[in-house]
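Text of the file upload02.txt, holding compact mmCIF, C-alpha atoms and all ligand atoms:
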```txt
# COMPACT_ATOMS: atom_id res chain seq x y z
CA MET A 1 14.95 -17.82 -35.87
CA THR A 2 12.96 -18.10 -32.72
CA MET A 3 14.24 -19.33 -29.39
CA ALA A 4 12.76 -19.49 -25.94
CA ILE A 5 14.51 -17.68 -23.11
CA LYS A 6 15.12 -19.49 -19.81
CA THR A 7 12.39 -17.74 -17.84
CA GLY A 8 11.88 -17.87 -14.09
CA ILE A 9 8.61 -17.06 -12.39
CA VAL A 10 7.92 -16.15 -8.78
CA ARG A 11 4.39 -16.78 -7.58
CA ASP A 12 2.91 -17.62 -4.20
CA ASP A 13 -0.62 -17.76 -2.85
CA ARG A 14 0.55 -15.98 0.30
CA PHE A 15 0.58 -12.74 -1.72
CA LEU A 16 -3.21 -13.07 -1.90
CA ALA A 17 -3.49 -12.79 1.90
CA HIS A 18 -2.65 -9.08 1.83
CA ASN A 19 -6.24 -7.95 2.27
CA THR A 20 -7.01 -4.39 1.16
CA GLY A 21 -10.79 -4.53 1.56
CA GLN A 22 -13.63 -5.01 -0.89
CA ILE A 23 -13.34 -1.90 -3.05
CA HIS A 24 -9.62 -1.18 -3.15
CA PRO A 25 -8.15 -1.36 -6.69
CA GLU A 26 -5.02 -3.21 -5.48
CA HIS A 27 -7.10 -6.29 -4.75
CA PRO A 28 -6.00 -9.98 -4.53
CA THR A 29 -8.16 -10.72 -7.62
CA ARG A 30 -5.40 -9.13 -9.71
CA LEU A 31 -2.91 -11.88 -8.95
CA LYS A 32 -5.56 -14.59 -8.73
CA SER A 33 -6.48 -13.90 -12.33
CA VAL A 34 -2.84 -13.93 -13.46
CA TYR A 35 -2.08 -17.18 -11.59
CA LYS A 36 -5.13 -18.87 -13.11
CA MET A 37 -3.87 -17.98 -16.57
CA LEU A 38 -0.40 -19.33 -15.68
CA ASP A 39 -1.93 -22.64 -14.62
CA ALA A 40 -3.91 -22.90 -17.83
CA GLU A 41 -1.30 -21.75 -20.34
CA PHE A 42 2.16 -21.86 -18.82
CA ALA A 43 2.04 -25.08 -16.78
CA HIS A 44 5.24 -26.07 -18.60
CA GLY A 45 8.07 -23.94 -19.86
CA LEU A 46 8.57 -21.65 -16.86
CA ILE A 47 11.11 -22.24 -14.08
CA ARG A 48 9.42 -21.87 -10.72
CA ILE A 49 11.48 -19.82 -8.24
CA GLU A 50 10.38 -20.06 -4.60
CA PRO A 51 10.28 -16.72 -2.76
CA GLN A 52 11.92 -16.44 0.66
CA LEU A 53 10.82 -14.03 3.39
CA ALA A 54 13.18 -11.05 3.33
CA PRO A 55 15.05 -10.72 6.64
CA LEU A 56 14.98 -7.36 8.48
CA GLU A 57 18.55 -6.63 7.51
CA TYR A 58 17.53 -6.48 3.82
CA LEU A 59 14.52 -4.26 4.49
CA GLU A 60 16.90 -1.92 6.29
CA TYR A 61 18.92 -1.41 3.10
CA VAL A 62 16.38 1.28 2.18
CA HIS A 63 13.80 1.60 5.00
CA THR A 64 14.13 3.15 8.45
CA PRO A 65 13.88 0.79 11.46
CA MET A 66 10.99 2.89 12.77
CA TYR A 67 8.99 2.39 9.58
CA ILE A 68 9.73 -1.36 9.46
CA GLU A 69 8.47 -1.57 13.06
CA LYS A 70 5.30 0.25 12.03
CA VAL A 71 4.61 -2.30 9.27
CA LEU A 72 5.41 -5.18 11.63
CA LYS A 73 2.82 -3.91 14.11
CA THR A 74 0.02 -4.06 11.51
CA ALA A 75 0.19 -7.85 11.99
CA ASN A 76 -1.59 -7.32 15.31
CA HIS A 77 -4.69 -5.89 13.69
CA GLN A 78 -7.20 -7.54 11.44
CA PHE A 79 -7.51 -4.34 9.45
CA THR A 80 -5.66 -1.04 9.70
CA SER A 81 -3.88 1.36 7.40
CA LEU A 82 -0.31 2.47 6.67
CA ALA A 83 -1.28 5.48 4.56
CA PRO A 84 -4.63 6.95 3.47
CA ASP A 85 -4.45 4.95 0.19
CA THR A 86 -2.58 1.93 1.60
CA PRO A 87 -4.61 -0.35 3.88
CA ALA A 88 -3.05 -3.22 5.79
CA SER A 89 -4.44 -6.48 7.17
CA GLU A 90 -2.99 -8.99 9.60
CA ASN A 91 -1.16 -10.77 6.75
CA THR A 92 0.21 -7.65 5.06
CA TRP A 93 3.54 -7.74 6.89
CA HIS A 94 4.06 -11.31 5.76
CA ALA A 95 3.02 -10.67 2.14
CA ALA A 96 5.11 -7.50 1.89
CA SER A 97 8.24 -9.22 3.25
CA LEU A 98 7.61 -12.07 0.83
CA ALA A 99 7.22 -9.61 -2.07
CA VAL A 100 10.69 -8.26 -1.32
CA GLY A 101 11.98 -11.81 -0.89
CA GLY A 102 10.35 -12.80 -4.19
CA CYS A 103 12.44 -10.21 -6.00
CA ILE A 104 15.61 -11.17 -4.13
CA SER A 105 15.07 -14.89 -4.89
CA GLY A 106 14.54 -13.90 -8.52
CA LEU A 107 17.80 -11.99 -8.55
CA ASP A 108 19.70 -14.90 -7.00
CA ALA A 109 18.26 -17.20 -9.66
CA LEU A 110 19.54 -14.83 -12.35
CA VAL A 111 22.99 -14.53 -10.78
CA ASN A 112 23.39 -18.30 -10.43
CA LYS A 113 22.09 -18.68 -14.00
CA THR A 114 19.02 -20.75 -13.18
CA CYS A 115 17.27 -18.41 -15.62
CA LYS A 116 18.02 -15.42 -17.89
CA VAL A 117 14.83 -13.48 -17.19
CA CYS A 118 12.71 -13.69 -14.05
CA PHE A 119 9.24 -12.27 -13.56
CA SER A 120 8.31 -11.80 -9.89
CA LEU A 121 4.51 -11.72 -9.80
CA VAL A 122 4.16 -10.22 -6.35
CA ARG A 123 1.98 -7.88 -4.34
CA PRO A 124 1.88 -5.44 -2.67
CA PRO A 125 3.74 -3.42 -5.34
CA GLY A 126 6.81 -1.33 -4.45
CA HIS A 127 7.85 1.61 -6.61
CA HIS A 128 6.08 4.33 -4.57
CA ALA A 129 7.28 3.09 -1.16
CA LEU A 130 9.60 5.60 0.53
CA ALA A 131 12.33 5.11 3.13
CA ASP A 132 10.02 5.95 6.01
CA ARG A 133 6.49 5.47 4.74
CA ALA A 134 4.01 3.49 2.68
CA ALA A 135 2.46 5.25 -0.32
CA GLY A 136 0.42 4.55 -3.43
CA PHE A 137 -0.57 0.96 -2.43
CA CYS A 138 3.14 0.13 -1.88
CA VAL A 139 4.56 -1.10 1.44
CA PHE A 140 8.23 -2.01 0.90
CA ASN A 141 10.24 -0.91 -2.11
CA ASN A 142 10.72 -4.36 -3.65
CA LEU A 143 13.08 -3.38 -6.46
CA GLY A 144 14.86 -0.67 -4.46
CA ILE A 145 15.81 -3.19 -1.80
CA THR A 146 16.81 -5.72 -4.46
CA ALA A 147 19.08 -3.18 -6.18
CA ARG A 148 20.90 -2.54 -2.89
CA TYR A 149 21.09 -6.28 -2.27
CA ALA A 150 22.62 -6.76 -5.74
CA ALA A 151 25.34 -4.26 -4.86
CA GLN A 152 26.00 -5.61 -1.33
CA ARG A 153 25.85 -9.31 -2.02
CA HIS A 154 26.74 -9.65 -5.68
CA HIS A 155 28.88 -6.55 -6.27
CA ILE A 156 26.68 -5.40 -9.13
CA ASN A 157 27.06 -1.66 -9.50
CA ARG A 158 25.40 -0.77 -12.81
CA ILE A 159 21.66 -1.44 -12.85
CA LEU A 160 19.24 -0.02 -15.41
CA ILE A 161 15.71 0.27 -14.02
CA ILE A 162 13.01 0.59 -16.66
CA ASP A 163 9.76 1.77 -15.05
CA TRP A 164 6.93 1.44 -17.59
CA ASP A 165 4.12 1.73 -15.02
CA ILE A 166 1.92 4.76 -15.86
CA HIS A 167 2.71 6.27 -12.45
CA HIS A 168 6.06 7.84 -11.62
CA GLY A 169 8.10 5.57 -9.33
CA ASN A 170 8.92 8.32 -6.86
CA GLY A 171 10.20 5.87 -4.23
CA LEU A 172 12.70 4.32 -6.63
CA GLN A 173 13.76 7.74 -7.87
CA GLU A 174 14.36 9.05 -4.37
CA MET A 175 16.40 6.03 -3.25
CA PHE A 176 18.92 6.37 -6.06
CA TYR A 177 18.69 10.09 -6.81
CA ASP A 178 22.33 10.71 -5.78
CA SER A 179 23.72 7.41 -7.07
CA SER A 180 25.36 6.34 -10.33
CA ALA A 181 24.79 2.66 -9.43
CA VAL A 182 21.28 2.89 -10.88
CA LEU A 183 20.13 4.50 -14.11
CA TYR A 184 16.43 5.07 -13.46
CA PHE A 185 14.30 5.53 -16.59
CA SER A 186 10.58 6.15 -16.20
CA THR A 187 7.76 7.02 -18.59
CA HIS A 188 4.63 8.22 -16.83
CA ASP A 189 1.73 10.63 -16.77
CA THR A 190 2.62 13.49 -14.41
CA ARG A 191 -1.06 14.40 -14.06
CA LEU A 192 -1.55 11.17 -12.12
CA TYR A 193 -0.39 10.29 -8.60
CA PRO A 194 2.27 11.07 -7.25
CA TYR A 195 2.47 14.09 -9.63
CA SER A 196 6.29 13.98 -9.66
CA GLY A 197 8.74 12.95 -12.38
CA ASP A 198 9.20 16.17 -14.27
CA TRP A 199 11.84 16.33 -17.04
CA ALA A 200 13.95 18.58 -14.81
CA GLU A 201 14.35 15.89 -12.13
CA THR A 202 17.62 14.39 -13.37
CA GLY A 203 19.51 13.38 -10.23
CA THR A 204 21.98 15.09 -7.91
CA GLY A 205 25.63 14.76 -6.82
CA ASN A 206 27.13 11.48 -8.11
CA GLY A 207 23.69 10.69 -9.51
CA GLN A 208 23.48 13.70 -11.78
CA GLY A 209 22.05 12.55 -15.09
CA TYR A 210 21.20 9.07 -13.77
CA THR A 211 17.48 9.80 -13.39
CA VAL A 212 15.65 10.01 -16.71
CA ASN A 213 12.05 11.14 -16.46
CA VAL A 214 9.91 11.18 -19.58
CA PRO A 215 6.38 12.49 -19.04
CA ILE A 216 4.06 11.08 -21.73
CA PRO A 217 0.64 12.16 -23.03
CA ARG A 218 -2.39 10.00 -22.32
CA ASN A 219 -3.25 9.08 -25.87
CA LEU A 220 0.08 7.54 -26.95
CA THR A 221 -0.53 4.52 -29.18
CA ASP A 222 1.25 1.17 -28.96
CA ALA A 223 3.37 2.21 -31.94
CA ASP A 224 4.26 5.57 -30.34
CA PHE A 225 5.22 3.85 -27.12
CA PHE A 226 7.43 1.34 -28.94
CA HIS A 227 9.05 4.09 -31.01
CA LEU A 228 9.87 6.11 -27.86
CA TYR A 229 11.43 3.15 -26.07
CA ARG A 230 13.27 1.93 -29.16
CA ILE A 231 15.16 5.19 -29.53
CA LEU A 232 15.86 6.00 -25.87
CA LEU A 233 16.54 2.47 -24.61
CA ALA A 234 18.94 1.72 -27.47
CA ASP A 235 21.16 4.61 -26.32
CA MET A 236 20.82 3.82 -22.63
CA ILE A 237 21.69 0.14 -22.95
CA ALA A 238 24.54 0.73 -25.40
CA HIS A 239 26.19 3.55 -23.41
CA TYR A 240 25.44 2.72 -19.77
CA ARG A 241 26.05 -0.99 -20.41
CA PRO A 242 24.05 -2.26 -17.42
CA GLU A 243 25.21 -5.41 -15.63
CA LEU A 244 21.58 -6.03 -14.74
CA ILE A 245 18.20 -4.76 -15.98
CA PHE A 246 15.17 -4.32 -13.73
CA VAL A 247 11.69 -3.68 -15.05
CA ALA A 248 9.15 -2.03 -12.74
CA ALA A 249 6.42 -3.81 -14.68
CA GLY A 250 3.14 -2.05 -14.08
CA PHE A 251 0.40 -2.53 -16.66
CA ASP A 252 -1.87 0.36 -15.72
CA ALA A 253 -1.20 2.20 -18.99
CA HIS A 254 -3.54 -0.36 -20.59
CA ARG A 255 -6.64 1.22 -22.14
CA LEU A 256 -9.01 -0.77 -19.91
CA ASP A 257 -7.29 0.20 -16.68
CA PRO A 258 -9.63 2.08 -14.33
CA ILE A 259 -6.83 4.28 -12.96
CA GLY A 260 -4.28 4.77 -15.74
CA ARG A 261 -6.42 6.75 -18.24
CA SER A 262 -4.14 5.75 -21.12
CA ALA A 263 -4.60 4.06 -24.49
CA LEU A 264 -2.17 1.15 -24.76
CA THR A 265 -3.00 -2.50 -25.39
CA GLU A 266 -1.14 -5.64 -24.28
CA TYR A 267 0.81 -5.56 -27.56
CA ALA A 268 2.67 -2.46 -26.36
CA PHE A 269 4.20 -4.58 -23.62
CA SER A 270 5.02 -7.60 -25.78
CA GLY A 271 6.70 -5.12 -28.13
CA LEU A 272 8.76 -3.68 -25.29
CA MET A 273 9.72 -7.13 -24.02
CA HIS A 274 10.94 -8.05 -27.47
CA LEU A 275 12.84 -4.79 -27.73
CA ILE A 276 14.61 -5.26 -24.39
CA LEU A 277 15.69 -8.79 -25.37
CA ASP A 278 17.08 -7.58 -28.69
CA LEU A 279 18.89 -4.53 -27.31
CA LYS A 280 20.49 -6.27 -24.34
CA LYS A 281 21.88 -9.06 -26.51
CA ALA A 282 24.15 -6.57 -28.24
CA SER A 283 25.40 -5.17 -24.90
CA GLY A 284 26.75 -8.11 -22.91
CA ASP A 285 23.38 -9.79 -22.51
CA PRO A 286 22.65 -8.80 -18.87
CA PRO A 287 19.91 -10.71 -17.01
CA VAL A 288 16.47 -9.13 -16.52
CA LEU A 289 14.42 -9.04 -13.33
CA MET A 290 10.82 -7.94 -13.75
CA ALA A 291 8.59 -7.13 -10.78
CA LEU A 292 4.88 -6.55 -10.99
CA GLU A 293 3.82 -3.03 -10.00
CA GLY A 294 0.38 -1.63 -11.00
CA GLY A 295 -2.39 -2.87 -13.31
CA TYR A 296 -5.90 -2.67 -11.87
CA HIS A 297 -8.12 -4.29 -14.48
CA PRO A 298 -7.59 -7.99 -13.67
CA LYS A 299 -8.40 -9.19 -17.19
CA ALA A 300 -6.25 -6.57 -18.92
CA LEU A 301 -3.44 -7.18 -16.44
CA THR A 302 -3.62 -10.89 -17.18
CA GLU A 303 -3.53 -10.27 -20.95
CA CYS A 304 -0.43 -8.11 -20.50
CA VAL A 305 1.42 -10.71 -18.43
CA ARG A 306 0.41 -13.36 -20.97
CA ALA A 307 1.73 -11.21 -23.82
CA VAL A 308 5.09 -10.68 -22.10
CA LEU A 309 5.49 -14.36 -21.17
CA THR A 310 4.59 -15.42 -24.69
CA VAL A 311 7.49 -13.37 -26.01
CA LEU A 312 9.84 -14.89 -23.41
CA THR A 313 8.80 -18.50 -23.88
CA THR A 314 8.54 -18.54 -27.65
CA LYS A 315 10.43 -15.37 -28.61
CA GLN A 316 7.51 -14.90 -30.93
CA ASN A 317 7.36 -11.49 -32.45
CA GLN A 318 3.86 -10.23 -31.89
CA SER A 319 4.88 -6.59 -31.89
CA VAL A 320 2.76 -3.86 -33.41
CA HIS A 321 3.11 -2.19 -36.76
CA ILE A 322 5.94 0.30 -36.34
CA PRO A 323 5.77 3.50 -38.36
CA GLU A 324 9.03 5.02 -39.60
CA THR A 325 8.53 8.11 -37.48
CA SER A 326 6.09 9.60 -35.08
CA GLN A 327 6.22 13.38 -34.96
CA ARG A 328 5.10 13.76 -31.39
CA VAL A 329 7.39 11.02 -30.12
CA ASP A 330 10.33 12.58 -31.94
CA THR A 331 9.58 15.82 -30.07
CA ILE A 332 9.60 13.99 -26.72
CA VAL A 333 12.84 12.17 -27.60
CA LYS A 334 14.52 15.41 -28.66
CA LYS A 335 13.54 17.14 -25.44
CA THR A 336 14.84 14.22 -23.35
CA ARG A 337 18.13 14.19 -25.23
CA THR A 338 18.57 17.96 -24.93
CA ILE A 339 18.04 17.88 -21.17
CA HIS A 340 20.40 14.93 -20.70
CA ALA A 341 23.12 15.87 -23.21
CA PRO A 342 25.24 17.84 -20.66
CA TYR A 343 25.64 14.80 -18.38
CA ARG A 344 26.93 12.52 -21.17
CA ILE A 345 25.72 9.40 -19.35
CA TRP A 346 23.85 7.79 -22.22
CA THR A 347 23.56 10.47 -24.87
CA HIS A 348 26.21 10.70 -27.58
ZN ZN S 401 0.87 2.47 -11.40
```
Mind converting the file's structure to structure tokens?
Ligand SMILES: [Zn+2]
Amino acid sequence: MTMAIKTGIVRDDRFLAHNTGQIHPEHPTRLKSVYKMLDAEFAHGLIRIEPQLAPLEYLEYVHTPMYIEKVLKTANHQFTSLAPDTPASENTWHAASLAVGGCISGLDALVNKTCKVCFSLVRPPGHHALADRAAGFCVFNNLGITARYAAQRHHINRILIIDWDIHHGNGLQEMFYDSSAVLYFSTHDTRLYPYSGDWAETGTGNGQGYTVNVPIPRNLTDADFFHLYRILLADMIAHYRPELIFVAAGFDAHRLDPIGRSALTEYAFSGLMHLILDLKKASGDPPVLMALEGGYHPKALTECVRAVLTVLTTKQNQSVHIPETSQRVDTIVKKTRTIHAPYRIWTH
């Protein structure tokens, strides 16, 4: 049986006004291409959620006042920079506050049951942003702020964050490293920026065991990727029983991506979307908030978003051929389980 999921979408042309210059990979063309596809193929069937500008008080959930002030001041310059790899234009402050607000509006729509899944198609991205500085094209930590907002405003204290971007979400990791309110699960290539996310980084204090880093090799296939997530996510969702699932949805592990150096296709992500929907149903059916992170080949990025939305709007199974086992993935899974077994958070 197939059934569409009530799916919200956050989009806004004001995200395009964050100008990073002609040759920067995190370019407005990324979202322009995705929005054009939405107009052509998803004009009906998605619930439009309007983003609100995030007030300062929300930004301060995770960022220092001094850093927020620094971002605010970029509005006075036509072109400046927040970090060597993170340029800012006069509209960056506005776009970045709206990107946070786009995730918060998405969360509110999930909590008040306007939709079951919401995809916030925002920029700039967020998962590298730290408490006191911009990094890796990210200005404010969109999902980090939204997780704190969920706790403060909606009393949600068990959030699973799935970070499938090819880069390690060091900002997200750092914000919740000592907290059990977030189970942070990331697959990434540790030979890429920011070079963190080793297996041994598992959390500290109350957060011990709540950070799950799984470094992956560059040539993983769609089937390998699915196999890895199927095994690990099944345990995490069943044992942690999240009240809410976030996806740091970067698509730079796609084979065409100029930065990610990986081998996946868009079907890896439709497979994962399908998997998440199936697994969560058996565990209280928590809502899912997805936020766009990386993905620097506009056409490939657009194909990936299309693949994910196709699963959500038709629940059509377009997943890849799944082999019974994959030797190298089994090795990765075993290593992850061995490292996390002592904490007994999601292993059994
Ligand atoms: Zn990335």
Find the nearest atom pair between each residue of chain A and ligand ZN 401 (chain S) for residues within 7 Å, count only C-alpha atoms and all ligand atoms, give distances in Å to one decimal, sort rows by chain and ascending number, and present the table as CSV.
```
residue,atom,partner,partner_atom,distance
A:Asp165,CA,S:ZN401,ZN,4.9
A:Ile166,CA,S:ZN401,ZN,5.1
A:His167,CA,S:ZN401,ZN,4.4
A:Gly250,CA,S:ZN401,ZN,5.7
A:Asp252,CA,S:ZN401,ZN,5.5
A:Glu293,CA,S:ZN401,ZN,6.4
A:Gly294,CA,S:ZN401,ZN,4.1
A:Gly295,CA,S:ZN401,ZN,6.5
```
Selection file, C-alpha atoms, as an mmCIF file, in the coordinates of the input:
```
data_model
loop_
_atom_site.group_PDB
_atom_site.id
_atom_site.type_symbol
_atom_site.label_atom_id
_atom_site.label_comp_id
_atom_site.auth_asym_id
_atom_site.auth_seq_id
_atom_site.Cartn_x
_atom_site.Cartn_y
_atom_site.Cartn_z
ATOM 1 C CA ASP A 165 4.120 1.730 -15.020
ATOM 2 C CA ILE A 166 1.920 4.760 -15.860
ATOM 3 C CA HIS A 167 2.710 6.270 -12.450
ATOM 4 C CA GLY A 250 3.140 -2.050 -14.080
ATOM 5 C CA ASP A 252 -1.870 0.360 -15.720
ATOM 6 C CA GLU A 293 3.820 -3.030 -10.000
ATOM 7 C CA GLY A 294 0.380 -1.630 -11.000
ATOM 8 C CA GLY A 295 -2.390 -2.870 -13.310
#
```
Skip Lys334 of chain A itself and residues of its chain fewer than 4 positions away, then list as a ChimeraX atom specification all residues within 12 Å of it, counting only C-alpha atoms. /A:199,214,228,231-232,327-330,338-341,347
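Separating atom CA of Val182 of chain A from atom CA of Phe137 of chain A is a distance of 23.5 Å.
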Kindly indicate which residue among A:His188, A:His274, A:His168, A:His24 lies nearest to Leu220 of chain A, using only C-alpha atoms for the distances.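 Under the stated criterion, the closest residue is A:His188.
Using only C-alpha atoms, the smallest distance between any of A:His94, A:Arg261, A:His27, A:His128 and Gly169 of chain A comes from A:His128.
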Residues at most 6 Å from Trp346 of chain A, counting all atoms listed in the file, excluding those fewer than 4 positions away in the same chain, as an MDAnalysis selection string? chainID A and resid 235:236 239:240
Determine, counting all atoms listed in the file, which protein, DNA and RNA residues have an atom within 12 Å of an atom of Ala150 of chain A; residues of the same chain fewer than 3 positions away are not included. Present the result as a PyMOL selection string. chain A and resi 58+61+103-111+143-147+153-159+181-182+243-246+289
Contact check, segment 191-232 of chain A to segment 275-284 of chain A, at most 9 Å, counting all atoms listed in the file, closest pairs as CSV:
```
residue,atom,partner,partner_atom,distance
A:Phe226,CA,A:Leu275,CA,8.3
A:Tyr229,CA,A:Leu275,CA,8.2
A:Arg230,CA,A:Leu275,CA,6.9
```
Gap from atom CA of Pro194 of chain A to atom CA of His63 of chain A - Å, one decimal: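 Separating atom CA of Pro194 of chain A from atom CA of His63 of chain A is a distance of 19.3 Å.
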Selection: 12 Å around Pro125 of chain A, all atoms listed in the file, excl. self and same-chain fewer than 6 positions, as a JSON list (two decimals) with C-alpha atoms, in the coordinates of the input:
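Resulting contents of part31.json:
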```json
[["chain", "number", "residue", "atom", "x", "y", "z"],
["A", 15, "PHE", "CA", 0.58, -12.74, -1.72],
["A", 18, "HIS", "CA", -2.65, -9.08, 1.83],
["A", 26, "GLU", "CA", -5.02, -3.21, -5.48],
["A", 27, "HIS", "CA", -7.10, -6.29, -4.75],
["A", 28, "PRO", "CA", -6.00, -9.98, -4.53],
["A", 30, "ARG", "CA", -5.40, -9.13, -9.71],
["A", 31, "LEU", "CA", -2.91, -11.88, -8.95],
["A", 86, "THR", "CA", -2.58, 1.93, 1.60],
["A", 92, "THR", "CA", 0.21, -7.65, 5.06],
["A", 95, "ALA", "CA", 3.02, -10.67, 2.14],
["A", 96, "ALA", "CA", 5.11, -7.50, 1.89],
["A", 97, "SER", "CA", 8.24, -9.22, 3.25],
["A", 98, "LEU", "CA", 7.61, -12.07, 0.83],
["A", 99, "ALA", "CA", 7.22, -9.61, -2.07],
["A", 100, "VAL", "CA", 10.69, -8.26, -1.32],
["A", 102, "GLY", "CA", 10.35, -12.80, -4.19],
["A", 103, "CYS", "CA", 12.44, -10.21, -6.00],
["A", 134, "ALA", "CA", 4.01, 3.49, 2.68],
["A", 135, "ALA", "CA", 2.46, 5.25, -0.32],
["A", 136, "GLY", "CA", 0.42, 4.55, -3.43],
["A", 137, "PHE", "CA", -0.57, 0.96, -2.43],
["A", 138, "CYS", "CA", 3.14, 0.13, -1.88],
["A", 139, "VAL", "CA", 4.56, -1.10, 1.44],
["A", 140, "PHE", "CA", 8.23, -2.01, 0.90],
["A", 141, "ASN", "CA", 10.24, -0.91, -2.11],
["A", 142, "ASN", "CA", 10.72, -4.36, -3.65],
["A", 143, "LEU", "CA", 13.08, -3.38, -6.46],
["A", 144, "GLY", "CA", 14.86, -0.67, -4.46],
["A", 165, "ASP", "CA", 4.12, 1.73, -15.02],
["A", 169, "GLY", "CA", 8.10, 5.57, -9.33],
["A", 171, "GLY", "CA", 10.20, 5.87, -4.23],
["A", 172, "LEU", "CA", 12.70, 4.32, -6.63],
["A", 248, "ALA", "CA", 9.15, -2.03, -12.74],
["A", 249, "ALA", "CA", 6.42, -3.81, -14.68],
["A", 250, "GLY", "CA", 3.14, -2.05, -14.08],
["A", 251, "PHE", "CA", 0.40, -2.53, -16.66],
["A", 290, "MET", "CA", 10.82, -7.94, -13.75],
["A", 291, "ALA", "CA", 8.59, -7.13, -10.78],
["A", 292, "LEU", "CA", 4.88, -6.55, -10.99],
["A", 293, "GLU", "CA", 3.82, -3.03, -10.00],
["A", 294, "GLY", "CA", 0.38, -1.63, -11.00],
["A", 295, "GLY", "CA", -2.39, -2.87, -13.31],
["A", 296, "TYR", "CA", -5.90, -2.67, -11.87]]
```
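Distance annotation: of A:Lys116, A:His297, A:His227, A:Arg241, the residue with the minimal separation from Ile332 of chain A is A:His227; atom set is all atoms listed in the file.
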Record the distance separating atom CA of Ile23 of chain A and atom CA of Pro258 of chain A, expressed in Å with one decimal.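 Distance between the two atoms: 12.5 Å.
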Test item: axis-aligned box, all listed atoms of segment 109-126 of chain A, 6 Å on each side, centre and edges in Å rounded to one decimal, as lines of an AutoDock Vina configuration file:
```
center_x = 12.6
center_y = -11.0
center_z = -10.3
size_x = 33.5
size_y = 31.4
size_z = 27.2
```
Tell me which of A:Ile9, A:Ala307, A:Val288, A:Ala17 sits closest to Ser120 of chain A, counting only C-alpha atoms.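 Comparing A:Ile9, A:Ala307, A:Val288, A:Ala17 against Ser120 of chain A, the winner is A:Ile9.
Of the residues listed (A:Gly21, A:Gly101, A:Pro286, A:Pro242), A:Gly101 shows the shortest atom-to-atom separation from Tyr149 of chain A; distances use only C-alpha atoms.
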Using only C-alpha atoms and a cutoff of 12 Å, can you tell me which residues are near (2.5, -7.1, -27.2) in the file's coordinates, and write them out as a ChimeraX atom specification? /A:222-223,225-226,251,254,264-275,303-312,315-321
Would you mind listing what lies within 10 Å of Gln78 of chain A as an MDAnalysis selection string, with only C-alpha atoms counted and same-chain residues fewer than 5 positions away left out? chainID A and resid 19 88:92
Residues from the last selection, C-alpha atoms, saved as a short mmCIF file (atom, residue, chain, number, x, y, z; two decimals), keeping the file's coordinate frame:
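For reference, out.cif as written:
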```cif
data_model
loop_
_atom_site.label_atom_id
_atom_site.label_comp_id
_atom_site.auth_asym_id
_atom_site.auth_seq_id
_atom_site.Cartn_x
_atom_site.Cartn_y
_atom_site.Cartn_z
CA ASN A 19 -6.24 -7.95 2.27
CA ALA A 88 -3.05 -3.22 5.79
CA SER A 89 -4.44 -6.48 7.17
CA GLU A 90 -2.99 -8.99 9.60
CA ASN A 91 -1.16 -10.77 6.75
CA THR A 92 0.21 -7.65 5.06
#
```
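Comparing the minimum interatomic distances between Gly205 of chain A and each of A:Gly45, A:Ser262, A:Thr74, A:Phe176, counting all atoms listed in the file, we find that A:Phe176 sits nearest.
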